[in-house]
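> Dropping in protein00.csv, with CSV, C-alpha atoms.
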```csv
chain,number,residue,atom,x,y,z
A,1,MET,CA,-45.1,-22.9,-21.0
A,2,ASN,CA,-46.4,-22.9,-17.4
A,3,ILE,CA,-45.6,-20.3,-14.8
A,4,PHE,CA,-42.8,-22.3,-13.2
A,5,GLU,CA,-41.0,-22.8,-16.5
A,6,SER,CA,-41.4,-19.0,-17.2
A,7,LEU,CA,-40.0,-18.2,-13.8
A,8,LYS,CA,-37.1,-20.6,-14.3
A,9,THR,CA,-36.3,-19.1,-17.6
A,10,PHE,CA,-36.4,-15.6,-16.1
A,11,TRP,CA,-34.2,-16.6,-13.2
A,12,PHE,CA,-31.5,-18.0,-15.5
A,13,SER,CA,-31.5,-14.7,-17.5
A,14,THR,CA,-30.7,-12.6,-14.4
A,15,GLY,CA,-27.3,-11.4,-13.3
A,16,ILE,CA,-27.7,-13.0,-9.9
A,17,ALA,CA,-28.0,-16.5,-11.4
A,18,ASN,CA,-25.0,-16.0,-13.8
A,19,PHE,CA,-22.5,-14.2,-11.6
A,20,ALA,CA,-19.1,-16.0,-11.1
A,21,TRP,CA,-17.0,-15.2,-8.1
A,22,GLY,CA,-14.3,-13.7,-10.3
A,23,GLN,CA,-16.8,-11.2,-11.8
A,24,VAL,CA,-17.9,-10.1,-8.3
A,25,VAL,CA,-14.2,-9.6,-7.3
A,26,MET,CA,-13.5,-7.5,-10.4
A,27,ILE,CA,-16.6,-5.4,-9.9
A,28,LEU,CA,-15.3,-4.7,-6.4
A,29,VAL,CA,-11.9,-3.8,-7.9
A,30,GLY,CA,-13.7,-1.4,-10.2
A,31,LEU,CA,-15.6,0.2,-7.3
A,32,LEU,CA,-12.2,0.5,-5.4
A,33,LEU,CA,-10.7,2.4,-8.4
A,34,VAL,CA,-13.7,4.7,-8.5
A,35,TYR,CA,-13.5,5.2,-4.7
A,36,LEU,CA,-9.8,6.1,-4.9
A,37,ALA,CA,-10.4,8.5,-7.7
A,38,ILE,CA,-13.3,10.3,-5.9
A,39,ALA,CA,-12.3,10.1,-2.3
A,40,LYS,CA,-8.5,10.2,-2.6
A,41,LYS,CA,-8.3,12.1,-5.9
A,42,PHE,CA,-5.9,9.5,-7.4
A,43,GLU,CA,-5.8,10.3,-11.2
A,44,PRO,CA,-9.6,10.8,-11.2
A,45,LEU,CA,-9.9,11.7,-14.9
A,46,LEU,CA,-8.7,8.2,-15.8
A,47,LEU,CA,-9.4,6.0,-12.8
A,48,ILE,CA,-13.1,6.8,-12.9
A,49,PRO,CA,-13.7,5.6,-16.5
A,50,ILE,CA,-11.2,2.7,-16.1
A,51,GLY,CA,-13.0,1.6,-12.9
A,52,PHE,CA,-16.5,2.0,-14.4
A,53,GLY,CA,-15.4,0.2,-17.5
A,54,GLY,CA,-14.1,-2.6,-15.4
A,55,ILE,CA,-17.5,-2.9,-13.7
A,56,LEU,CA,-19.4,-2.9,-17.0
A,57,SER,CA,-17.0,-5.5,-18.5
A,58,ASN,CA,-17.8,-8.0,-15.7
A,59,ILE,CA,-21.6,-7.9,-16.0
A,60,PRO,CA,-22.7,-11.4,-17.0
A,61,ILE,CA,-24.7,-12.1,-20.2
A,62,ALA,CA,-24.5,-8.5,-21.5
A,63,ASP,CA,-21.1,-9.1,-23.0
A,64,ILE,CA,-20.5,-5.3,-22.9
A,65,ALA,CA,-16.7,-5.8,-23.4
A,66,GLY,CA,-17.2,-8.4,-26.2
A,67,ALA,CA,-16.7,-7.8,-29.9
A,68,GLY,CA,-20.3,-6.6,-30.2
A,69,GLY,CA,-20.5,-4.6,-26.9
A,70,PHE,CA,-20.1,-0.9,-26.9
A,71,ILE,CA,-16.9,-0.9,-24.8
A,72,GLY,CA,-15.5,-3.7,-26.9
A,73,GLN,CA,-16.1,-1.7,-30.0
A,74,ILE,CA,-14.4,1.3,-28.4
A,75,TYR,CA,-11.4,-0.9,-27.6
A,76,ASP,CA,-11.2,-2.2,-31.2
A,77,VAL,CA,-11.3,1.3,-32.7
A,78,GLY,CA,-9.0,3.1,-30.3
A,79,ILE,CA,-6.8,0.7,-28.4
A,80,ALA,CA,-6.2,-2.2,-30.7
A,81,THR,CA,-5.2,0.3,-33.4
A,82,SER,CA,-3.1,2.4,-30.9
A,83,LEU,CA,-5.0,5.5,-31.8
A,84,PHE,CA,-6.1,6.7,-28.4
A,85,PRO,CA,-2.6,6.8,-26.8
A,86,LEU,CA,-1.4,8.8,-29.8
A,87,PHE,CA,-4.3,11.2,-29.5
A,88,ILE,CA,-3.5,11.6,-25.8
A,89,PHE,CA,0.0,12.4,-26.7
A,90,ILE,CA,-1.2,15.2,-29.0
A,91,GLY,CA,-3.0,16.7,-26.0
A,92,VAL,CA,0.0,16.2,-23.7
A,93,GLY,CA,2.2,18.0,-26.2
A,94,ALA,CA,-0.3,20.9,-26.4
A,95,LEU,CA,-0.2,21.1,-22.5
A,96,THR,CA,3.6,20.8,-22.1
A,97,ASP,CA,6.0,23.7,-21.8
A,98,PHE,CA,9.5,22.5,-22.8
A,99,GLY,CA,11.0,25.9,-21.7
A,100,PRO,CA,12.6,24.6,-18.5
A,101,LEU,CA,14.3,21.8,-20.4
A,102,LEU,CA,15.6,24.2,-23.1
A,103,ALA,CA,16.8,26.6,-20.4
A,104,ASN,CA,18.8,23.8,-18.7
A,105,PRO,CA,19.4,21.1,-21.4
A,106,LYS,CA,21.6,18.9,-19.2
A,107,THR,CA,18.5,18.0,-17.2
A,108,ALA,CA,17.6,15.9,-20.2
A,109,LEU,CA,20.1,13.4,-18.8
A,110,LEU,CA,18.1,13.0,-15.7
A,111,GLY,CA,15.0,12.2,-17.7
A,112,ALA,CA,17.0,9.6,-19.6
A,113,ALA,CA,18.4,8.1,-16.4
A,114,ALA,CA,14.9,7.6,-15.0
A,115,GLN,CA,14.2,5.2,-17.8
A,116,PHE,CA,16.9,2.9,-16.4
A,117,GLY,CA,14.1,1.2,-14.4
A,118,ILE,CA,12.4,0.1,-17.5
A,119,PHE,CA,15.3,-2.0,-18.8
A,120,THR,CA,16.2,-3.3,-15.4
A,121,THR,CA,12.7,-4.5,-14.9
A,122,LEU,CA,12.6,-6.0,-18.4
A,123,ILE,CA,15.5,-8.3,-17.4
A,124,GLY,CA,13.7,-9.2,-14.1
A,125,ALA,CA,10.5,-10.0,-15.9
A,126,VAL,CA,12.3,-12.3,-18.3
A,127,ALA,CA,13.9,-14.1,-15.3
A,128,LEU,CA,10.6,-14.5,-13.5
A,129,GLY,CA,9.0,-15.8,-16.7
A,130,ARG,CA,11.0,-19.0,-16.2
A,131,LEU,CA,9.0,-19.8,-13.0
A,132,ASP,CA,6.3,-22.4,-13.5
A,133,PHE,CA,3.4,-20.2,-12.3
A,134,LEU,CA,4.4,-17.2,-14.4
A,135,ASP,CA,4.5,-17.1,-18.2
A,136,PHE,CA,6.1,-13.8,-19.3
A,137,SER,CA,7.5,-13.7,-22.8
A,138,LEU,CA,10.1,-11.2,-23.9
A,139,ALA,CA,7.3,-9.0,-25.3
A,140,ASP,CA,5.4,-9.3,-22.0
A,141,ALA,CA,8.6,-8.3,-20.2
A,142,ALA,CA,9.0,-5.2,-22.4
A,143,SER,CA,5.4,-4.1,-21.8
A,144,ILE,CA,5.8,-4.6,-18.0
A,145,GLY,CA,9.0,-2.7,-17.9
A,146,ILE,CA,7.6,0.4,-19.5
A,147,ILE,CA,5.5,0.9,-16.4
A,148,GLY,CA,8.7,2.3,-14.8
A,149,GLY,CA,8.4,5.4,-17.0
A,150,ALA,CA,5.2,6.3,-15.2
A,151,ASP,CA,3.6,7.2,-18.5
A,152,GLY,CA,0.1,5.7,-18.9
A,153,PRO,CA,-0.4,6.4,-22.6
A,154,THR,CA,3.0,5.0,-23.5
A,155,ALA,CA,2.4,1.9,-21.4
A,156,ILE,CA,-1.0,1.4,-23.2
A,157,PHE,CA,0.6,2.0,-26.6
A,158,LEU,CA,3.3,-0.6,-26.1
A,159,ALA,CA,1.1,-3.2,-24.3
A,160,SER,CA,-1.5,-3.0,-27.1
A,161,LYS,CA,1.1,-3.9,-29.6
A,162,LEU,CA,3.1,-6.5,-27.7
A,163,SER,CA,0.9,-7.9,-24.9
A,164,PRO,CA,-2.8,-7.1,-25.4
A,165,ASP,CA,-3.9,-9.8,-22.9
A,166,LEU,CA,-2.0,-8.0,-20.2
A,167,LEU,CA,-3.2,-4.6,-21.1
A,168,GLY,CA,-5.7,-4.2,-18.2
A,169,ALA,CA,-3.1,-5.0,-15.5
A,170,ILE,CA,-0.4,-2.9,-17.1
A,171,ALA,CA,-2.7,0.1,-17.5
A,172,VAL,CA,-4.0,-0.1,-14.0
A,173,ALA,CA,-0.4,-0.5,-12.6
A,174,ALA,CA,0.9,2.4,-14.7
A,175,TYR,CA,-1.8,4.8,-13.7
A,176,SER,CA,-1.9,3.7,-10.1
A,177,TYR,CA,1.8,4.3,-9.6
A,178,MET,CA,1.4,7.7,-11.3
A,179,ALA,CA,-1.3,8.5,-8.8
A,180,LEU,CA,0.9,7.3,-5.9
A,181,VAL,CA,3.9,9.4,-6.8
A,182,PRO,CA,3.5,11.6,-3.6
A,183,ILE,CA,3.6,8.4,-1.5
A,184,ILE,CA,6.2,6.3,-3.3
A,185,GLN,CA,8.8,8.9,-4.2
A,186,PRO,CA,9.5,10.9,-0.9
A,187,PRO,CA,10.9,7.9,1.0
A,188,ILE,CA,13.3,7.1,-1.9
A,189,MET,CA,14.3,10.7,-2.1
A,190,LYS,CA,15.1,10.9,1.6
A,191,LEU,CA,16.9,7.6,1.7
A,192,LEU,CA,19.3,8.6,-1.1
A,193,THR,CA,20.0,12.2,-0.2
A,194,SER,CA,21.1,14.1,2.9
A,195,ARG,CA,19.2,17.1,4.3
A,196,ARG,CA,22.0,19.3,3.1
A,197,GLU,CA,21.6,18.0,-0.5
A,198,ARG,CA,17.9,18.5,-0.4
A,199,ALA,CA,18.4,22.1,0.7
A,200,ILE,CA,20.5,23.1,-2.3
A,201,LYS,CA,19.2,26.2,-4.0
A,202,MET,CA,19.5,26.4,-7.8
A,203,GLU,CA,19.9,29.5,-9.9
A,204,GLN,CA,17.0,31.0,-11.8
A,205,LEU,CA,16.5,29.6,-15.2
A,206,ARG,CA,17.3,31.8,-18.2
A,207,PRO,CA,14.4,33.0,-20.5
A,208,VAL,CA,13.7,30.9,-23.5
A,209,SER,CA,12.8,32.6,-26.8
A,210,LYS,CA,9.8,31.8,-28.9
A,211,THR,CA,12.1,30.7,-31.7
A,212,GLU,CA,13.7,28.1,-29.5
A,213,LYS,CA,10.3,26.7,-28.5
A,214,ILE,CA,9.2,26.4,-32.1
A,215,LEU,CA,12.4,24.8,-33.3
A,216,PHE,CA,12.5,22.3,-30.5
A,217,PRO,CA,9.6,20.0,-31.6
A,218,LEU,CA,10.8,20.1,-35.2
A,219,SER,CA,14.4,19.2,-34.1
A,220,VAL,CA,13.2,16.4,-31.9
A,221,MET,CA,11.1,15.0,-34.8
A,222,ALA,CA,14.1,15.2,-37.2
A,223,ILE,CA,16.4,13.3,-34.8
A,224,CYS,CA,13.7,10.7,-34.1
A,225,ILE,CA,13.1,10.1,-37.8
A,226,LEU,CA,16.9,9.6,-38.4
A,227,LEU,CA,17.8,7.5,-35.4
A,228,LEU,CA,14.7,5.7,-34.1
A,229,PRO,CA,11.7,5.6,-36.6
A,230,THR,CA,9.8,3.1,-34.3
A,231,ALA,CA,9.3,5.9,-31.8
A,232,THR,CA,8.0,8.4,-34.3
A,233,PRO,CA,4.3,7.6,-33.7
A,234,LEU,CA,4.5,8.7,-30.0
A,235,ILE,CA,7.1,11.4,-30.5
A,236,GLY,CA,5.4,12.7,-33.6
A,237,ALA,CA,2.1,13.1,-31.8
A,238,LEU,CA,3.7,14.7,-28.8
A,239,MET,CA,5.7,17.2,-30.9
A,240,PHE,CA,2.7,18.0,-33.2
A,241,GLY,CA,0.7,19.0,-30.1
A,242,ASN,CA,3.6,21.1,-28.8
A,243,LEU,CA,4.2,22.8,-32.1
A,244,VAL,CA,0.5,23.8,-32.2
A,245,ARG,CA,0.9,25.2,-28.7
A,246,GLU,CA,4.1,27.2,-29.4
A,247,CYS,CA,3.6,28.4,-33.0
A,248,GLY,CA,1.3,31.2,-31.8
A,249,VAL,CA,-0.9,31.1,-34.9
A,250,ALA,CA,-3.2,28.1,-34.1
A,251,GLU,CA,-4.7,29.1,-30.7
A,252,ARG,CA,-8.0,27.4,-31.5
A,253,LEU,CA,-6.3,24.1,-32.3
A,254,SER,CA,-4.1,24.4,-29.2
A,255,LYS,CA,-7.1,25.0,-26.9
A,256,ALA,CA,-9.1,22.2,-28.6
A,257,ALA,CA,-6.2,19.7,-28.1
A,258,GLN,CA,-5.8,20.7,-24.5
A,259,ASN,CA,-9.5,20.6,-23.6
A,260,GLU,CA,-12.3,19.1,-25.7
A,261,PHE,CA,-10.2,16.7,-27.7
A,262,MET,CA,-8.1,15.5,-24.7
A,263,ASN,CA,-11.2,15.1,-22.5
A,264,ILE,CA,-13.2,13.0,-25.1
A,265,VAL,CA,-10.2,10.7,-25.8
A,266,THR,CA,-9.6,10.3,-22.0
A,267,ILE,CA,-13.1,9.1,-21.5
A,268,LEU,CA,-13.0,6.6,-24.3
A,269,LEU,CA,-9.5,5.5,-23.4
A,270,GLY,CA,-10.5,4.8,-19.8
A,271,LEU,CA,-13.6,2.8,-20.7
A,272,ALA,CA,-11.6,0.8,-23.3
A,273,VAL,CA,-8.9,0.0,-20.8
A,274,GLY,CA,-11.5,-1.0,-18.3
A,275,SER,CA,-12.8,-3.5,-20.8
A,276,LYS,CA,-9.6,-5.5,-20.1
A,277,LEU,CA,-10.4,-5.9,-16.4
A,278,ARG,CA,-12.4,-9.0,-17.0
A,279,ALA,CA,-12.0,-11.7,-14.3
A,280,GLU,CA,-10.8,-14.4,-16.6
A,281,THR,CA,-7.8,-12.3,-17.8
A,282,PHE,CA,-7.1,-10.2,-14.7
A,283,LEU,CA,-7.3,-12.6,-11.7
A,284,THR,CA,-4.0,-14.5,-12.4
A,285,PHE,CA,-0.5,-14.8,-11.0
A,286,GLU,CA,0.7,-12.8,-13.9
A,287,THR,CA,-1.3,-9.8,-12.7
A,288,LEU,CA,0.3,-9.9,-9.3
A,289,GLY,CA,3.7,-10.2,-10.9
A,290,ILE,CA,3.0,-7.1,-13.1
A,291,LEU,CA,2.0,-5.0,-10.1
A,292,VAL,CA,5.1,-6.0,-8.1
A,293,LEU,CA,7.5,-5.5,-11.1
A,294,GLY,CA,5.8,-2.2,-12.0
A,295,LEU,CA,6.5,-0.9,-8.5
A,296,VAL,CA,10.1,-2.1,-8.8
A,297,ALA,CA,10.5,-0.4,-12.2
A,298,PHE,CA,9.1,2.9,-10.9
A,299,SER,CA,11.3,2.8,-7.8
A,300,ILE,CA,14.5,2.1,-9.8
A,301,GLY,CA,13.6,4.9,-12.2
A,302,THR,CA,13.2,7.3,-9.3
A,303,ALA,CA,16.5,6.2,-7.7
A,304,SER,CA,18.4,6.3,-11.0
A,305,GLY,CA,17.5,10.0,-11.6
A,306,ILE,CA,18.5,11.0,-8.1
A,307,LEU,CA,21.8,9.1,-8.3
A,308,LEU,CA,22.7,10.7,-11.6
A,309,ALA,CA,21.9,14.1,-10.3
A,310,LYS,CA,24.3,13.5,-7.4
A,311,LEU,CA,27.0,12.4,-9.8
A,312,MET,CA,26.4,15.5,-12.0
A,313,ASN,CA,26.8,17.6,-8.8
A,314,LEU,CA,30.3,16.3,-8.4
A,315,LEU,CA,31.2,17.2,-11.9
A,316,SER,CA,29.3,20.5,-12.3
A,317,LYS,CA,30.3,24.0,-11.0
A,318,LYS,CA,26.7,25.0,-10.6
A,319,PRO,CA,24.9,23.1,-7.8
A,320,ILE,CA,22.2,20.7,-8.8
A,321,ASN,CA,19.6,19.6,-6.2
A,322,PRO,CA,19.4,15.8,-6.6
A,323,LEU,CA,15.7,15.9,-5.8
A,324,ILE,CA,15.0,17.1,-9.4
A,325,GLY,CA,16.4,13.8,-10.7
A,326,ALA,CA,13.4,12.0,-9.2
A,327,ALA,CA,11.2,14.1,-11.5
A,328,GLY,CA,12.8,12.3,-14.5
A,329,VAL,CA,9.8,9.8,-14.5
A,330,SER,CA,7.2,11.2,-16.8
A,331,ALA,CA,4.4,11.7,-14.3
A,332,VAL,CA,3.9,15.3,-15.3
A,333,PRO,CA,3.6,17.6,-13.4
A,334,MET,CA,3.1,15.6,-10.2
A,335,ALA,CA,6.7,14.3,-9.9
A,336,ALA,CA,8.0,17.9,-10.2
A,337,ARG,CA,5.6,19.1,-7.5
A,338,VAL,CA,6.8,16.3,-5.2
A,339,ALA,CA,10.4,17.3,-5.8
A,340,ASN,CA,9.5,20.9,-5.0
A,341,LYS,CA,7.6,19.9,-1.8
A,342,VAL,CA,10.4,17.7,-0.4
A,343,GLY,CA,12.9,20.4,-1.2
A,344,GLN,CA,10.9,23.0,0.7
A,345,GLU,CA,10.7,20.7,3.7
A,346,ALA,CA,14.5,20.9,3.9
A,347,ASN,CA,14.7,24.6,3.0
A,348,PRO,CA,11.5,26.7,3.0
A,349,SER,CA,13.0,29.2,0.6
A,350,ASN,CA,13.7,26.5,-2.0
A,351,TYR,CA,11.7,26.7,-5.2
A,352,LEU,CA,12.5,23.7,-7.4
A,353,LEU,CA,9.3,23.4,-9.4
A,354,MET,CA,10.6,24.9,-12.7
A,355,HIS,CA,13.9,23.2,-12.3
A,356,ALA,CA,12.2,19.8,-11.8
A,357,MET,CA,10.0,20.4,-14.8
A,358,GLY,CA,13.1,20.1,-17.1
A,359,PRO,CA,13.7,16.4,-16.3
A,360,ASN,CA,10.0,15.8,-15.9
A,361,VAL,CA,9.2,16.8,-19.5
A,362,ALA,CA,12.4,15.1,-20.6
A,363,GLY,CA,11.0,11.9,-19.0
A,364,VAL,CA,7.9,12.1,-21.3
A,365,VAL,CA,10.2,12.1,-24.3
A,366,GLY,CA,12.4,9.5,-22.7
A,367,SER,CA,9.6,7.0,-22.1
A,368,ALA,CA,8.4,7.4,-25.7
A,369,VAL,CA,12.0,6.8,-26.9
A,370,ALA,CA,12.2,3.8,-24.6
A,371,ALA,CA,9.0,2.4,-26.1
A,372,GLY,CA,10.5,2.8,-29.6
A,373,VAL,CA,13.7,1.0,-28.5
A,374,LEU,CA,11.7,-1.9,-27.0
A,375,LEU,CA,9.6,-2.2,-30.2
A,376,SER,CA,12.9,-2.4,-32.2
A,377,ILE,CA,14.3,-5.0,-29.9
A,378,ILE,CA,11.2,-7.2,-29.9
A,379,SER,CA,11.1,-7.1,-33.7
A,380,LEU,CA,14.5,-8.8,-33.8
A,381,PHE,CA,13.1,-11.9,-32.2
```
Once more with this new file: its structure as structure tokens, please.

Amino acid sequence: MNIFESLKTFWFSTGIANFAWGQVVMILVGLLLVYLAIAKKFEPLLLIPIGFGGILSNIPIADIAGAGGFIGQIYDVGIATSLFPLFIFIGVGALTDFGPLLANPKTALLGAAAQFGIFTTLIGAVALGRLDFLDFSLADAASIGIIGGADGPTAIFLASKLSPDLLGAIAVAAYSYMALVPIIQPPIMKLLTSRRERAIKMEQLRPVSKTEKILFPLSVMAICILLLPTATPLIGALMFGNLVRECGVAERLSKAAQNEFMNIVTILLGLAVGSKLRAETFLTFETLGILVLGLVAFSIGTASGILLAKLMNLLSKKPINPLIGAAGVSAVPMAARVANKVGQEANPSNYLLMHAMGPNVAGVVGSAVAAGVLLSIISLF
């Protein structure tokens, strides 16, 4: 082989010679996610590994996201089997205090109302699927709708089972809208409430006993087993983590679930999701439709929680600040913090954080239940 043939062979083995325009675009998208995570602090613990995984998955020739690549193998082990979202839910359960919900149980209704956006968007996605340039099946519509719950692990869990080809777009949409809660929610809050409503002060929550906190995860599990077995993987993982936290005799397990275990799984989950940001599957009309429908789902969920809180205010003797209804989406604790911030803008002495945490943690349970309901519905077809 002469020098020219050697140089030619070398040239065609380089990335420069093998890059397609779509791969370049997706690498730029990955860099954008990393930028938003670092510069804007938008969900950095997940957007950094997702963005970097997207960059790696679009490198030509290396096939890092393929069946033999290291990110591809992580995906097969943790996402295709639905293990990583369940592991994340164990950590979320260990981090979550359900005390505010137990102190004011009726706020669970606000967490349930916020899931309305999921089912509304499902119908919209089915309707759009009839267009020539979109191809959303009922399973795809269910996976897209769950974005409205603003719960990344639940969205990944459902998409991995129903629409693995759309997983990258759905995961990016879910985590992006979670990160954009402080931007998306305040205009909706102010549009649907008056300044007088936003200034409503709520009574201090009652203390919740240790016994109540221990019985809560066991009771939720029992109800889930009896009424909605399809939701038990997510609910079971969440309640196990919470029981470890509240029992008081497994502090080492609780700390491990909250820290080392959660951090390791988060890294692997992010890289695995990033493996689905390949140009051939991401740069489609379906992706644009997912991003738009996800925003609609999240907005409807926010509005539904607020409107139900306003209705409850008409029927309740104790005043309810409708802003806490917006926290019914399960972006914990960011949605509760946004409700508190908007409330303090109307009344500086207003402290809604703990009140908003009730519907906020109820939203975590609600999104998992919604995923179970959707799995049950899809199994009928």
> Kindly indicate which residue among A:Phe285, A:Tyr175, A:Phe119, A:Phe89 lies nearest to Gly236 (chain A), using all atoms listed in the file for the distances.
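Checking each of A:Phe285, A:Tyr175, A:Phe119, A:Phe89 against Gly236 (chain A), counting all atoms listed in the file, the winner is A:Phe89.
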> Would you pick out the contacts of Thr211 (chain A) at 12 Å or less, using all atoms listed in the file, so that residues sharing its chain but fewer than 2 positions from it are not included, and give the list as a PyMOL selection string?
chain A and resi 99+102+207-209+213-219+243+246-248
> Using all atoms listed in the file, which of A:Gln185, A:Ser379, A:Ser275, A:Thr120 sits nearest Gly69 (chain A)?
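Answer, going by the shortest atom-to-atom distance: A:Ser275.
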> Compile the contact shell of Asn313 (chain A) as an mmCIF file with C-alpha atoms, in the frame of the given file: residues with an atom at most 10 Å away, counting all atoms listed in the file, same-chain residues fewer than 6 positions apart removed.

```cif
data_model
loop_
_atom_site.group_PDB
_atom_site.id
_atom_site.type_symbol
_atom_site.label_atom_id
_atom_site.label_comp_id
_atom_site.auth_asym_id
_atom_site.auth_seq_id
_atom_site.Cartn_x
_atom_site.Cartn_y
_atom_site.Cartn_z
ATOM 1 C CA GLU A 197 21.600 18.000 -0.500
ATOM 2 C CA LEU A 307 21.800 9.100 -8.300
ATOM 3 C CA PRO A 319 24.900 23.100 -7.800
ATOM 4 C CA ILE A 320 22.200 20.700 -8.800
ATOM 5 C CA ASN A 321 19.600 19.600 -6.200
ATOM 6 C CA PRO A 322 19.400 15.800 -6.600
#
```
> Applying 9 Å and all atoms listed in the file, which residues near Leu234 (chain A) remain after dropping the ones on its own chain fewer than 6 positions away? List them as a list of chain:residue names.
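Listing them by chain and then by number gives A:Pro85, A:Leu86, A:Phe89, A:Ile90, A:Thr154, A:Phe157, A:Val365, A:Ala368, A:Val369, A:Ala371, A:Gly372.
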> Can you work out which one of A:Gly305, A:Gly111, A:Gly270, A:Gly241 has the shortest atom-to-atom distance to Lys255 (chain A), counting all atoms listed in the file?
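That would be A:Gly241, the residue with the smallest distance to Lys255 (chain A).
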> Could you work out how far CA of Ala159 (chain A) lies from CA of Thr284 (chain A), giving the answer in Å with one decimal?
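Taking CA of Thr284 (chain A) as the start and CA of Ala159 (chain A) as the end point, the length is 17.2 Å.
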> Quick one: everything within 8 Å of Val29 (chain A), counting only C-alpha atoms, minus sequence neighbours fewer than 3 positions away in the same chain. Send it as a list of chain:residue names.
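Once the nearby chain positions are removed, what remains is A:Val25, A:Met26, A:Leu32, A:Leu33, A:Gly51, A:Gly54.
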> Just checking: using all atoms listed in the file, which residue out of A:Gly15, A:Gly328, A:Gly274, A:Gly152 ends up closest to Gly168 (chain A)?
A:Gly274
> What's around Val342 (chain A) at 12 Å? Count only C-alpha atoms, leave out sequence neighbours fewer than 4 positions away in its own chain, and write the answer as a PyMOL selection string.
chain A and resi 182-183+185-190+193-195+197-200+321-324+326-327+335-338+346-353+356
> Between A:Leu131, A:Ile118, A:Leu268, A:Ala179, which is the closest to Gln73 (chain A) once you count all atoms listed in the file?
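That would be A:Leu268, the residue with the smallest distance to Gln73 (chain A).
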> Have a look at A:Ala112, A:Ala94, A:Ile55, A:Ala80 and name the one nearest to Asn259 (chain A); count all atoms listed in the file.
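Using all atoms listed in the file, Asn259 (chain A) sits closest to A:Ala94.
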> Within 7 Å of (11.6, 16.8, -18.9), in the coordinates the file gives, what residues turn up when you count all atoms listed in the file, written out as a PyMOL selection string?
chain A and resi 101+108+111+328+357-364
> Keeping C-alpha atoms for every residue in the selection just given, could you write it to a file as a short mmCIF file (atom, residue, chain, number, x, y, z; two decimals), in the frame of the given file?

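Everything below was put into out.cif:
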```
data_model
loop_
_atom_site.label_atom_id
_atom_site.label_comp_id
_atom_site.auth_asym_id
_atom_site.auth_seq_id
_atom_site.Cartn_x
_atom_site.Cartn_y
_atom_site.Cartn_z
CA LEU A 101 14.30 21.80 -20.40
CA ALA A 108 17.60 15.90 -20.20
CA GLY A 111 15.00 12.20 -17.70
CA GLY A 328 12.80 12.30 -14.50
CA MET A 357 10.00 20.40 -14.80
CA GLY A 358 13.10 20.10 -17.10
CA PRO A 359 13.70 16.40 -16.30
CA ASN A 360 10.00 15.80 -15.90
CA VAL A 361 9.20 16.80 -19.50
CA ALA A 362 12.40 15.10 -20.60
CA GLY A 363 11.00 11.90 -19.00
CA VAL A 364 7.90 12.10 -21.30
#
```
> Taking the point (-10.9, -15.0, -15.4) as given in the file, collect each protein or nucleic acid residue that comes within 10 Å of it, counting only C-alpha atoms, and present the set as a PyMOL selection string.
chain A and resi 20-23+26+58+277-284
> For the residues in that selection, give me C-alpha atoms as an mmCIF file, in the frame of the given file.

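The new file selection-v6.cif reads:
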```cif
data_model
loop_
_atom_site.group_PDB
_atom_site.id
_atom_site.type_symbol
_atom_site.label_atom_id
_atom_site.label_comp_id
_atom_site.auth_asym_id
_atom_site.auth_seq_id
_atom_site.Cartn_x
_atom_site.Cartn_y
_atom_site.Cartn_z
ATOM 1 C CA ALA A 20 -19.100 -16.000 -11.100
ATOM 2 C CA TRP A 21 -17.000 -15.200 -8.100
ATOM 3 C CA GLY A 22 -14.300 -13.700 -10.300
ATOM 4 C CA GLN A 23 -16.800 -11.200 -11.800
ATOM 5 C CA MET A 26 -13.500 -7.500 -10.400
ATOM 6 C CA ASN A 58 -17.800 -8.000 -15.700
ATOM 7 C CA LEU A 277 -10.400 -5.900 -16.400
ATOM 8 C CA ARG A 278 -12.400 -9.000 -17.000
ATOM 9 C CA ALA A 279 -12.000 -11.700 -14.300
ATOM 10 C CA GLU A 280 -10.800 -14.400 -16.600
ATOM 11 C CA THR A 281 -7.800 -12.300 -17.800
ATOM 12 C CA PHE A 282 -7.100 -10.200 -14.700
ATOM 13 C CA LEU A 283 -7.300 -12.600 -11.700
ATOM 14 C CA THR A 284 -4.000 -14.500 -12.400
#
```
> Quick one: pull the distance between CA of Val373 (chain A) and CA of Ser299 (chain A), Å, one decimal.
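Computing it gives 20.9 Å between the two atoms.
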> Could you check how far CA of Ala174 (chain A) sits from CA of Leu291 (chain A), in Å to one decimal?
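These atoms are spaced 8.8 Å apart.
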